Amino acid sequence: MTVGTDPSETSDILRGIARAKERLGKDMLLLAHFYQHDDIVRFADFVGDSLQLAEKAAQHKDARYIVFCSVSFMAETARILCRPDQEVLHPEPRASCPLANMASVAAVETAWNALAALGRKIIPVVYVNSNADLKAFCARNDGIVCTSANVRKVFSRVLSQDGAVFFFPDENMGRNISHDLAIAEDELFFWDPERGLAGMHPTPLRKAKVFLWEGFCIVHRVMGARDVARLRQEHEGIKVIVHPECTPEVYRQADLAGSTNFIKGTVDRSAAGSKWVIGTEWNFVNRIKKENPDKLIIPLREERCKEMAKVTPEKLLRVLEGLLEGELVSRVTVDKRISADARIALSRMLEIV
Ligand code: SF4
């Protein structure tokens, strides 16, 4: 349980959420990311990955309130994509993705200006795990947002139009997808924000097909190639499926890789008795395990996302009780100009699914 140490207090909170949700009825849509704890997911109207949740927020026109259980950039994305008269509430605004915070718009603009001076066709591509101002930056510079579900298509599209990709903030995902697309390591350029282009030989800059920002997910980065090797040794015939935020060492040893929705679908559809190692956040892996009792499912590492875990049932209950009393607790707002630009880049993302 995520709530307190007293089981009766926990049950009271969970019963309170159930009652409040029933009273709010269709006025409220509760969205939860796959990495949320079971005590949140059980109340969600829809659970999904960031692409699916963005689509839901863009499509759902009935609810007056969208309560979004995840980290802040996803709640912001919902705010940008939903109708202006809908309200988005995030039970814990301080739950913020460390990967998203590894690229500020000022630092990316500095890099962009230096790359633009090369005179090459370079398209900025920002991972959805980023703050709204970076999405807006992409829109202003003919760029696009991608998620782990469509990143391969987005890279392919840019490269097929003779452009180079400037991808931020997840270096591992950029390297992994580049590898899938047969881009050689010496066609990658790693942008070091401290160093910039100072002292760089022009050849790698002319040759680079993908420019990568040096950011990473702290949850996926600790999953190691040694863990893969050990589990393969311990369980003969086991298949390894991982998220593309994992390091290239892990990614290249895996049998399959993709978004959380891809991972879930693949394991759910696999034959009874099949064996899986799953390389992504533990709450999600544990839930797939419970939903597939006829399969052997082992997490690559028992890593939880501490930021996702900041959204607790107590905080959710506070938001729902606020709504019943006519109060908007933890209301999500995004600057109007940033929102208008970011919406353009997000709409481009939703067209490439
Ligand atoms: S799992 Fe990684 S990328 Fe996802 S919210 Fe947590 S820190 Fe960010």
# chains A, B, ... in the order shown; residues from 1 in each chain; ligands from 1
call {"tool": "residues_near_ligand", "arguments": {"ligand": "ligand 1", "cutoff": "8 Å", "atoms": "only C-alpha atoms and all ligand atoms", "output": "list in words"}}
result
Tyr35, Ser70, Val71, Ser96, Cys97, Pro98, Leu99, Ala100, Asn129, Phe216, Cys217, Ile218, Val219, His220, Glu245, Thr280, Glu281, Arg304, Cys305, Lys306, Glu307 and Met308 of chain A
call {"tool": "residues_around", "arguments": {"residues": "region 260-270 of chain A", "least_positions_apart": "2", "cutoff": "12 Å", "atoms": "only C-alpha atoms", "output": "PyMOL selection string"}}
result
chain A and resi 33-35+47-53+147-150+239-245+255-258+272-298
call {"tool": "atom_distance", "arguments": {"atom1": "CA of Phe190 (chain A)", "atom2": "CA of Met349 (chain A)"}}
result
24.1 Å
call {"tool": "residues_around", "arguments": {"residues": "Glu214 (chain A)", "least_positions_apart": "3", "cutoff": "9 Å", "atoms": "only C-alpha atoms", "output": "VMD selection string"}}
result
chain A and resid 102 to 103 168 to 172 190 to 193
call {"tool": "residues_around", "arguments": {"residues": "Glu327 (chain A)", "least_positions_apart": "5", "cutoff": "12 Å", "atoms": "only C-alpha atoms", "output": "list in words"}}
result
Tyr65, Glu87, Leu89, Arg318, Val319, Leu320, Glu321 and Gly322 of chain A
call {"tool": "residues_around", "arguments": {"residues": "region 160-166 of chain A", "least_positions_apart": "2", "cutoff": "10 Å", "atoms": "only C-alpha atoms", "output": "VMD selection string"}}
result
chain A and resid 108 111 to 112 115 120 to 126 143 154 to 158 168 to 169 174 178 188 to 191 206 to 213
call {"tool": "atom_distance", "arguments": {"atom1": "CA of Asp180 (chain A)", "atom2": "CA of Cys146 (chain A)"}}
result
16.3 Å
call {"tool": "closest_residue", "arguments": {"among": "A:Gln86, A:Ser347, A:Thr312, A:Asn131", "to": "Leu328 (chain A)", "atoms": "only C-alpha atoms"}}
result
A:Gln86
call {"tool": "atom_distance", "arguments": {"atom1": "CA of Ala309 (chain A)", "atom2": "CA of Ala32 (chain A)"}}
result
11.8 Å
call {"tool": "residues_around", "arguments": {"residues": "Ala20 (chain A)", "least_positions_apart": "3", "cutoff": "9 Å", "atoms": "only C-alpha atoms", "output": "PyMOL selection string"}}
result
chain A and resi 15-17+23-25+317+320-321+323-324
call {"tool": "select_by_dssp", "arguments": {"residues": "region 87-127 of chain A", "states": "alpha helix (DSSP H)", "output": "list in words"}}
result
Val105, Ala106, Ala107, Val108, Glu109, Thr110, Ala111, Trp112, Asn113, Ala114, Leu115 and Ala116 of chain A
call {"tool": "write_last_selection", "arguments": {"atoms": "N, CA and C atoms", "output": "compact mmCIF listing (two decimals), in the first residue's frame"}}
result
# COMPACT_ATOMS: atom_id res chain seq x y z
N VAL A 105 14.89 25.21 -22.07
CA VAL A 105 14.72 25.83 -23.37
C VAL A 105 15.91 26.75 -23.69
N ALA A 106 16.48 27.40 -22.67
CA ALA A 106 17.61 28.30 -22.93
C ALA A 106 18.81 27.50 -23.46
N ALA A 107 19.09 26.36 -22.82
CA ALA A 107 20.24 25.54 -23.25
C ALA A 107 20.00 24.96 -24.64
N VAL A 108 18.77 24.55 -24.92
CA VAL A 108 18.47 23.99 -26.25
C VAL A 108 18.57 25.08 -27.32
N GLU A 109 18.13 26.29 -26.97
CA GLU A 109 18.23 27.38 -27.95
C GLU A 109 19.69 27.70 -28.28
N THR A 110 20.55 27.64 -27.28
CA THR A 110 21.98 27.86 -27.52
C THR A 110 22.51 26.82 -28.51
N ALA A 111 22.15 25.56 -28.25
CA ALA A 111 22.59 24.48 -29.14
C ALA A 111 22.03 24.68 -30.55
N TRP A 112 20.77 25.05 -30.59
CA TRP A 112 20.09 25.22 -31.88
C TRP A 112 20.75 26.31 -32.71
N ASN A 113 21.09 27.41 -32.07
CA ASN A 113 21.73 28.51 -32.80
C ASN A 113 23.07 28.07 -33.37
N ALA A 114 23.81 27.29 -32.57
CA ALA A 114 25.12 26.80 -33.05
C ALA A 114 24.92 25.83 -34.22
N LEU A 115 23.92 24.97 -34.12
CA LEU A 115 23.69 23.99 -35.21
C LEU A 115 23.16 24.69 -36.46
N ALA A 116 22.30 25.68 -36.26
CA ALA A 116 21.74 26.41 -37.41
C ALA A 116 22.86 27.06 -38.22
call {"tool": "closest_residue", "arguments": {"among": "A:Ala345, A:Ala63, A:Pro91, A:Thr333", "to": "Leu134 (chain A)", "atoms": "only C-alpha atoms"}}
result
A:Ala345
call {"tool": "select_by_dssp", "arguments": {"residues": "region 11-245 of chain A", "states": "strand (DSSP E or B)", "output": "ChimeraX atom specification"}}
result
/A:28-33,46-48,65-69,87-89,122-127,144-146,164-168,188-191,210-213,239-242
call {"tool": "residues_around", "arguments": {"residues": "Lys21 (chain A)", "least_positions_apart": "6", "cutoff": "9 Å", "atoms": "only C-alpha atoms", "output": "PDB file with all heavy atoms, in the first residue's frame"}}
result
ATOM      1  N   MET A  28     -16.128  14.116 -14.522  1.00  0.00           N
ATOM      2  CA  MET A  28     -14.695  13.989 -14.291  1.00  0.00           C
ATOM      3  C   MET A  28     -14.139  12.766 -15.016  1.00  0.00           C
ATOM      4  O   MET A  28     -14.733  11.700 -15.005  1.00  0.00           O
ATOM      5  CB  MET A  28     -14.465  13.833 -12.786  1.00  0.00           C
ATOM      6  CG  MET A  28     -13.047  14.001 -12.344  1.00  0.00           C
ATOM      7  SD  MET A  28     -12.110  12.533 -11.950  1.00  0.00           S
ATOM      8  CE  MET A  28     -13.122  11.528 -10.959  1.00  0.00           C
ATOM      9  N   LEU A  30     -10.726  10.477 -15.115  1.00  0.00           N
ATOM     10  CA  LEU A  30      -9.482  10.238 -14.370  1.00  0.00           C
ATOM     11  C   LEU A  30      -8.531   9.426 -15.245  1.00  0.00           C
ATOM     12  O   LEU A  30      -8.833   8.295 -15.639  1.00  0.00           O
ATOM     13  CB  LEU A  30      -9.812   9.493 -13.069  1.00  0.00           C
ATOM     14  CG  LEU A  30      -8.797   9.642 -11.945  1.00  0.00           C
ATOM     15  CD1 LEU A  30      -9.434   9.305 -10.606  1.00  0.00           C
ATOM     16  CD2 LEU A  30      -7.554   8.832 -12.129  1.00  0.00           C
ATOM     17  N   PHE A  43      -8.726   3.260  -9.839  1.00  0.00           N
ATOM     18  CA  PHE A  43      -9.803   4.247  -9.980  1.00  0.00           C
ATOM     19  C   PHE A  43      -9.811   4.918 -11.353  1.00  0.00           C
ATOM     20  O   PHE A  43     -10.700   5.720 -11.644  1.00  0.00           O
ATOM     21  CB  PHE A  43      -9.665   5.330  -8.909  1.00  0.00           C
ATOM     22  CG  PHE A  43      -9.840   4.785  -7.514  1.00  0.00           C
ATOM     23  CD1 PHE A  43      -8.756   4.711  -6.650  1.00  0.00           C
ATOM     24  CD2 PHE A  43     -11.075   4.327  -7.081  1.00  0.00           C
ATOM     25  CE1 PHE A  43      -8.903   4.188  -5.376  1.00  0.00           C
ATOM     26  CE2 PHE A  43     -11.233   3.798  -5.811  1.00  0.00           C
ATOM     27  CZ  PHE A  43     -10.149   3.727  -4.956  1.00  0.00           C
ATOM     28  N   LEU A 320     -10.345  15.385  -5.559  1.00  0.00           N
ATOM     29  CA  LEU A 320     -11.742  15.015  -5.832  1.00  0.00           C
ATOM     30  C   LEU A 320     -12.699  15.688  -4.848  1.00  0.00           C
ATOM     31  O   LEU A 320     -13.767  16.183  -5.236  1.00  0.00           O
ATOM     32  CB  LEU A 320     -11.911  13.489  -5.770  1.00  0.00           C
ATOM     33  CG  LEU A 320     -11.043  12.667  -6.739  1.00  0.00           C
ATOM     34  CD1 LEU A 320     -11.474  11.207  -6.743  1.00  0.00           C
ATOM     35  CD2 LEU A 320     -11.093  13.218  -8.159  1.00  0.00           C
TER      36      LEU A 320
END
call {"tool": "closest_residue", "arguments": {"among": "A:Ile177, A:Val88, A:Gly224, A:Leu14", "to": "Val41 (chain A)", "atoms": "only C-alpha atoms"}}
result
A:Leu14
